[in-house]
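Structure file my_file13.cif with mmCIF, C-alpha atoms, pLDDT in the B column; chains and numbers go by the auth columns:
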data_start
loop_
_atom_site.group_PDB
_atom_site.id
_atom_site.type_symbol
_atom_site.label_atom_id
_atom_site.label_comp_id
_atom_site.label_asym_id
_atom_site.label_seq_id
_atom_site.Cartn_x
_atom_site.Cartn_y
_atom_site.Cartn_z
_atom_site.B_iso_or_equiv
_atom_site.auth_seq_id
_atom_site.auth_asym_id
ATOM 1 C CA MET A 1 30.101 6.913 25.986 76.00 201 A
ATOM 2 C CA SER A 2 27.761 5.294 23.498 92.00 202 A
ATOM 3 C CA ASN A 3 24.002 5.601 23.736 94.00 203 A
ATOM 4 C CA ASP A 4 21.787 2.583 23.136 90.00 204 A
ATOM 5 C CA PHE A 5 18.693 3.277 21.029 87.00 205 A
ATOM 6 C CA SER A 6 18.165 -0.327 19.956 84.00 206 A
ATOM 7 C CA HIS A 7 14.606 -0.298 21.333 81.00 207 A
ATOM 8 C CA LEU A 8 13.606 1.758 18.274 83.00 208 A
ATOM 9 C CA ARG A 9 14.240 -1.205 15.967 82.00 209 A
ATOM 10 C CA ALA A 10 10.925 -2.633 17.165 78.00 210 A
ATOM 11 C CA LEU A 11 9.210 0.097 15.131 83.00 211 A
ATOM 12 C CA GLU A 12 10.646 -1.163 11.853 83.00 212 A
ATOM 13 C CA VAL A 13 8.036 -2.357 9.391 85.00 213 A
ATOM 14 C CA ARG A 14 8.845 -5.789 8.060 77.00 214 A
ATOM 15 C CA ASP A 15 6.525 -8.526 6.842 78.00 215 A
ATOM 16 C CA LYS A 16 3.287 -7.120 8.261 90.00 216 A
ATOM 17 C CA THR A 17 -0.190 -6.534 6.927 95.00 217 A
ATOM 18 C CA ALA A 18 -2.911 -4.062 7.836 96.00 218 A
ATOM 19 C CA THR A 19 -6.527 -3.619 6.819 97.00 219 A
ATOM 20 C CA VAL A 20 -7.954 -0.612 5.011 98.00 220 A
ATOM 21 C CA THR A 21 -11.711 -0.166 4.592 98.00 221 A
ATOM 22 C CA LEU A 22 -13.389 1.840 1.842 98.00 222 A
ATOM 23 C CA PHE A 23 -16.212 3.394 3.836 97.00 223 A
ATOM 24 C CA GLN A 24 -17.308 5.358 0.764 97.00 224 A
ATOM 25 C CA VAL A 25 -18.361 2.166 -1.073 97.00 225 A
ATOM 26 C CA SER A 26 -21.599 0.363 -0.254 94.00 226 A
ATOM 27 C CA GLY A 27 -20.873 -2.680 1.906 96.00 227 A
ATOM 28 C CA GLU A 28 -17.610 -1.127 3.099 97.00 228 A
ATOM 29 C CA PRO A 29 -15.169 -3.488 1.367 98.00 229 A
ATOM 30 C CA LEU A 30 -11.906 -4.092 3.174 98.00 230 A
ATOM 31 C CA PHE A 31 -8.465 -4.873 1.839 98.00 231 A
ATOM 32 C CA VAL A 32 -5.622 -6.642 3.613 98.00 232 A
ATOM 33 C CA VAL A 33 -2.465 -4.953 2.397 98.00 233 A
ATOM 34 C CA LYS A 34 1.276 -5.150 2.789 98.00 234 A
ATOM 35 C CA PRO A 35 3.233 -1.900 2.905 97.00 235 A
ATOM 36 C CA ALA A 36 3.728 -0.163 -0.425 97.00 236 A
ATOM 37 C CA THR A 37 7.168 0.931 0.776 95.00 237 A
ATOM 38 C CA GLU A 38 10.736 -0.341 0.764 94.00 238 A
ATOM 39 C CA ALA A 39 9.667 -2.757 3.544 94.00 239 A
ATOM 40 C CA ASN A 40 7.890 -4.754 0.822 96.00 240 A
ATOM 41 C CA LYS A 41 10.920 -5.792 -1.233 96.00 241 A
ATOM 42 C CA SER A 42 8.955 -7.340 -4.128 96.00 242 A
ATOM 43 C CA TYR A 43 6.816 -4.242 -4.590 96.00 243 A
ATOM 44 C CA PHE A 44 9.692 -1.820 -4.097 94.00 244 A
ATOM 45 C CA ASN A 45 11.936 -3.599 -6.610 94.00 245 A
ATOM 46 C CA ALA A 46 9.139 -3.582 -9.197 94.00 246 A
ATOM 47 C CA VAL A 47 8.614 0.148 -8.626 91.00 247 A
ATOM 48 C CA LEU A 48 12.319 0.871 -8.951 88.00 248 A
ATOM 49 C CA LYS A 49 12.524 -1.109 -12.170 86.00 249 A
ATOM 50 C CA ARG A 50 9.581 0.804 -13.677 81.00 250 A
ATOM 51 C CA THR A 51 10.587 4.283 -12.545 76.00 251 A
ATOM 52 C CA ARG A 52 14.171 4.381 -13.784 72.00 252 A
ATOM 53 C CA LYS A 53 12.978 6.055 -16.977 68.00 253 A
ATOM 54 C CA ASN A 54 11.550 9.039 -15.039 63.00 254 A
ATOM 55 C CA VAL A 55 14.474 9.688 -12.680 64.00 255 A
ATOM 56 C CA ARG A 56 15.925 12.621 -14.623 64.00 256 A
ATOM 57 C CA ALA A 57 12.561 14.324 -15.044 61.00 257 A
ATOM 58 C CA VAL A 58 11.813 13.995 -11.317 61.00 258 A
ATOM 59 C CA GLN A 59 15.274 15.263 -10.357 64.00 259 A
ATOM 60 C CA ALA A 60 14.714 18.273 -12.612 66.00 260 A
ATOM 61 C CA GLY A 61 11.336 18.936 -11.005 67.00 261 A
ATOM 62 C CA ALA A 62 9.498 18.238 -14.253 66.00 262 A
ATOM 63 C CA ILE A 63 6.665 16.238 -12.709 73.00 263 A
ATOM 64 C CA SER A 64 3.532 16.365 -14.818 79.00 264 A
ATOM 65 C CA SER A 65 -0.039 15.188 -14.424 84.00 265 A
ATOM 66 C CA ALA A 66 0.737 12.534 -17.046 82.00 266 A
ATOM 67 C CA MET A 67 3.540 11.179 -14.833 80.00 267 A
ATOM 68 C CA ILE A 68 1.223 11.063 -11.823 82.00 268 A
ATOM 69 C CA LYS A 69 -1.407 9.197 -13.867 89.00 269 A
ATOM 70 C CA GLU A 70 1.253 6.800 -15.176 86.00 270 A
ATOM 71 C CA ASN A 71 2.450 6.147 -11.620 88.00 271 A
ATOM 72 C CA ARG A 72 -1.116 5.450 -10.448 94.00 272 A
ATOM 73 C CA ASP A 73 -1.738 3.128 -13.392 94.00 273 A
ATOM 74 C CA GLU A 74 1.464 1.233 -12.623 94.00 274 A
ATOM 75 C CA ASP A 75 0.329 0.812 -9.011 96.00 275 A
ATOM 76 C CA ARG A 76 -2.988 -0.571 -10.258 98.00 276 A
ATOM 77 C CA GLU A 77 -0.916 -3.326 -11.885 97.00 277 A
ATOM 78 C CA LEU A 78 1.501 -3.845 -8.980 98.00 278 A
ATOM 79 C CA PHE A 79 -0.916 -3.772 -6.036 98.00 279 A
ATOM 80 C CA PRO A 80 -2.738 -7.032 -6.894 98.00 280 A
ATOM 81 C CA LYS A 81 0.629 -8.764 -7.308 98.00 281 A
ATOM 82 C CA PHE A 82 2.575 -7.405 -4.350 98.00 282 A
ATOM 83 C CA VAL A 83 0.434 -5.315 -1.964 98.00 283 A
ATOM 84 C CA VAL A 84 -3.184 -6.525 -1.643 98.00 284 A
ATOM 85 C CA THR A 85 -3.144 -10.024 -0.141 98.00 285 A
ATOM 86 C CA ASP A 86 -6.840 -10.557 0.638 98.00 286 A
ATOM 87 C CA TRP A 87 -10.150 -8.776 0.900 98.00 287 A
ATOM 88 C CA GLY A 88 -13.592 -8.974 2.423 98.00 288 A
ATOM 89 C CA ARG A 89 -17.082 -7.673 1.666 98.00 289 A
ATOM 90 C CA VAL A 90 -16.206 -7.117 -2.000 98.00 290 A
ATOM 91 C CA LYS A 91 -19.276 -7.475 -4.177 97.00 291 A
ATOM 92 C CA ASP A 92 -19.878 -7.351 -7.895 97.00 292 A
ATOM 93 C CA SER A 93 -22.534 -5.218 -9.604 96.00 293 A
ATOM 94 C CA ASN A 94 -25.165 -7.901 -8.829 96.00 294 A
ATOM 95 C CA GLY A 95 -24.404 -7.803 -5.100 96.00 295 A
ATOM 96 C CA GLN A 96 -22.637 -11.173 -5.141 97.00 296 A
ATOM 97 C CA ASP A 97 -19.561 -11.761 -3.002 97.00 297 A
ATOM 98 C CA VAL A 98 -16.387 -11.996 -5.055 98.00 298 A
ATOM 99 C CA PRO A 99 -13.669 -14.325 -3.773 98.00 299 A
ATOM 100 C CA PHE A 100 -10.192 -12.839 -3.677 98.00 300 A
ATOM 101 C CA SER A 101 -7.816 -13.597 -6.522 98.00 301 A
ATOM 102 C CA GLU A 102 -5.100 -11.570 -8.184 98.00 302 A
ATOM 103 C CA GLU A 103 -7.231 -11.292 -11.326 98.00 303 A
ATOM 104 C CA ALA A 104 -10.381 -10.196 -9.468 98.00 304 A
ATOM 105 C CA CYS A 105 -8.350 -7.722 -7.426 98.00 305 A
ATOM 106 C CA SER A 106 -6.828 -6.282 -10.584 98.00 306 A
ATOM 107 C CA GLN A 107 -10.284 -5.831 -12.115 98.00 307 A
ATOM 108 C CA TYR A 108 -11.664 -4.215 -8.953 98.00 308 A
ATOM 109 C CA LEU A 109 -8.765 -1.774 -8.564 98.00 309 A
ATOM 110 C CA GLU A 110 -9.021 -0.882 -12.245 98.00 310 A
ATOM 111 C CA ALA A 111 -12.731 -0.097 -11.807 98.00 311 A
ATOM 112 C CA LEU A 112 -12.214 2.141 -8.749 98.00 312 A
ATOM 113 C CA PRO A 113 -12.224 5.888 -9.354 97.00 313 A
ATOM 114 C CA ASP A 114 -8.744 7.369 -8.939 96.00 314 A
ATOM 115 C CA TRP A 115 -9.550 9.084 -5.646 97.00 315 A
ATOM 116 C CA LEU A 116 -10.697 5.803 -4.063 97.00 316 A
ATOM 117 C CA PHE A 117 -7.736 3.851 -5.354 98.00 317 A
ATOM 118 C CA ASP A 118 -5.583 6.620 -3.878 97.00 318 A
ATOM 119 C CA GLU A 119 -7.179 5.878 -0.480 97.00 319 A
ATOM 120 C CA ILE A 120 -5.728 2.372 -0.652 98.00 320 A
ATOM 121 C CA ARG A 121 -2.393 3.616 -2.046 98.00 321 A
ATOM 122 C CA ASN A 122 -2.020 6.280 0.631 97.00 322 A
ATOM 123 C CA PHE A 123 -2.838 3.810 3.414 98.00 323 A
ATOM 124 C CA ALA A 124 -0.406 1.187 2.104 98.00 324 A
ATOM 125 C CA GLY A 125 2.274 3.829 1.567 96.00 325 A
ATOM 126 C CA ASN A 126 2.151 5.013 5.190 95.00 326 A
ATOM 127 C CA SER A 127 4.515 2.892 7.293 92.00 327 A
ATOM 128 C CA ALA A 128 2.805 3.998 10.508 90.00 328 A
ATOM 129 C CA ASN A 129 -0.193 1.856 9.529 92.00 329 A
ATOM 130 C CA PHE A 130 2.033 -1.226 9.888 91.00 330 A
ATOM 131 C CA ALA A 131 3.900 -0.362 13.099 84.00 331 A
ATOM 132 C CA ASP A 132 3.102 -2.058 16.397 75.00 332 A
ATOM 133 C CA GLY A 133 2.036 0.917 18.483 64.00 333 A
ATOM 134 C CA VAL A 134 4.556 2.981 20.430 58.00 334 A
ATOM 135 C CA ILE A 135 7.736 1.507 21.916 53.00 335 A
ATOM 136 C CA ASP A 136 8.944 2.798 25.271 57.00 336 A
ATOM 137 C CA ALA A 137 12.592 2.998 26.333 54.00 337 A
ATOM 138 C CA GLU A 138 12.503 -0.555 27.760 58.00 338 A
ATOM 139 C CA GLY A 139 11.248 -1.903 24.415 51.00 339 A
ATOM 140 C CA SER A 140 7.689 -2.595 25.566 55.00 340 A
ATOM 141 C CA ALA A 141 4.817 -1.851 23.178 54.00 341 A
ATOM 142 C CA GLU A 142 2.162 0.671 24.130 54.00 342 A
ATOM 143 C CA ASP A 143 -1.046 0.939 22.103 51.00 343 A
#
Will you turn the file into structure tokens for me?
Amino acid sequence: MSNDFSHLRALEVRDKTATVTLFQVSGEPLFVVKPATEANKSYFNAVLKRTRKNVRAVQAGAISSAMIKENRDEDRELFPKFVVTDWGRVKDSNGQDVPFSEEACSQYLEALPDWLFDEIRNFAGNSANFADGVIDAEGSAED
């Protein structure tokens, strides 16, 4: 007898976006992001291409603070291209609204302190932030 668990496929993260807000920044800027996971094929392929050089060190457990910084810096380059798709309430140092563009996003993410950029990275890297609630056995969504 075979069991049918096909209702769980509804929890897969595909081409979805979610919004993360930086409450720690004046004006509470928000970022519309795609998953920074294997669900985002463009991002994931770029990460795989860049990380091949570190595979042996990671497998050996030789992770260093320099590797973590390098990984963060690579994400600062990749997020404007593949993860952040829009934003709101982003202001420059003069308090002027800044329209979204890949270039402006890159500059903003570069200017963020590491711990705040990590807020965006951690949110985008958590697939649960892109799932549609809870799916019951009949396949119906529950929020």
Name the residues captured by the PyMOL selection byres ((chain A and resi 308-322) around 12) when it is applied to the shown file; answer as an NGL selection string. :A and (218-225 or 229-237 or 268-281 or 283-284 or 287 or 290-293 or 298-307 or 323-329)
Exercise: Asn240 (chain A) partners within 10 Å, only C-alpha atoms, chain neighbours under 6 positions left out, as a VMD selection string: chain A and resid 213 to 216 234 282 to 283
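Note that the spacing between CA of Leu248 (chain A) and CA of Ala266 (chain A) amounts to 18.3 Å.
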For CA of His207 (chain A) and CA of Thr285 (chain A), quote the distance in Å rounded to one decimal. 29.5 Å
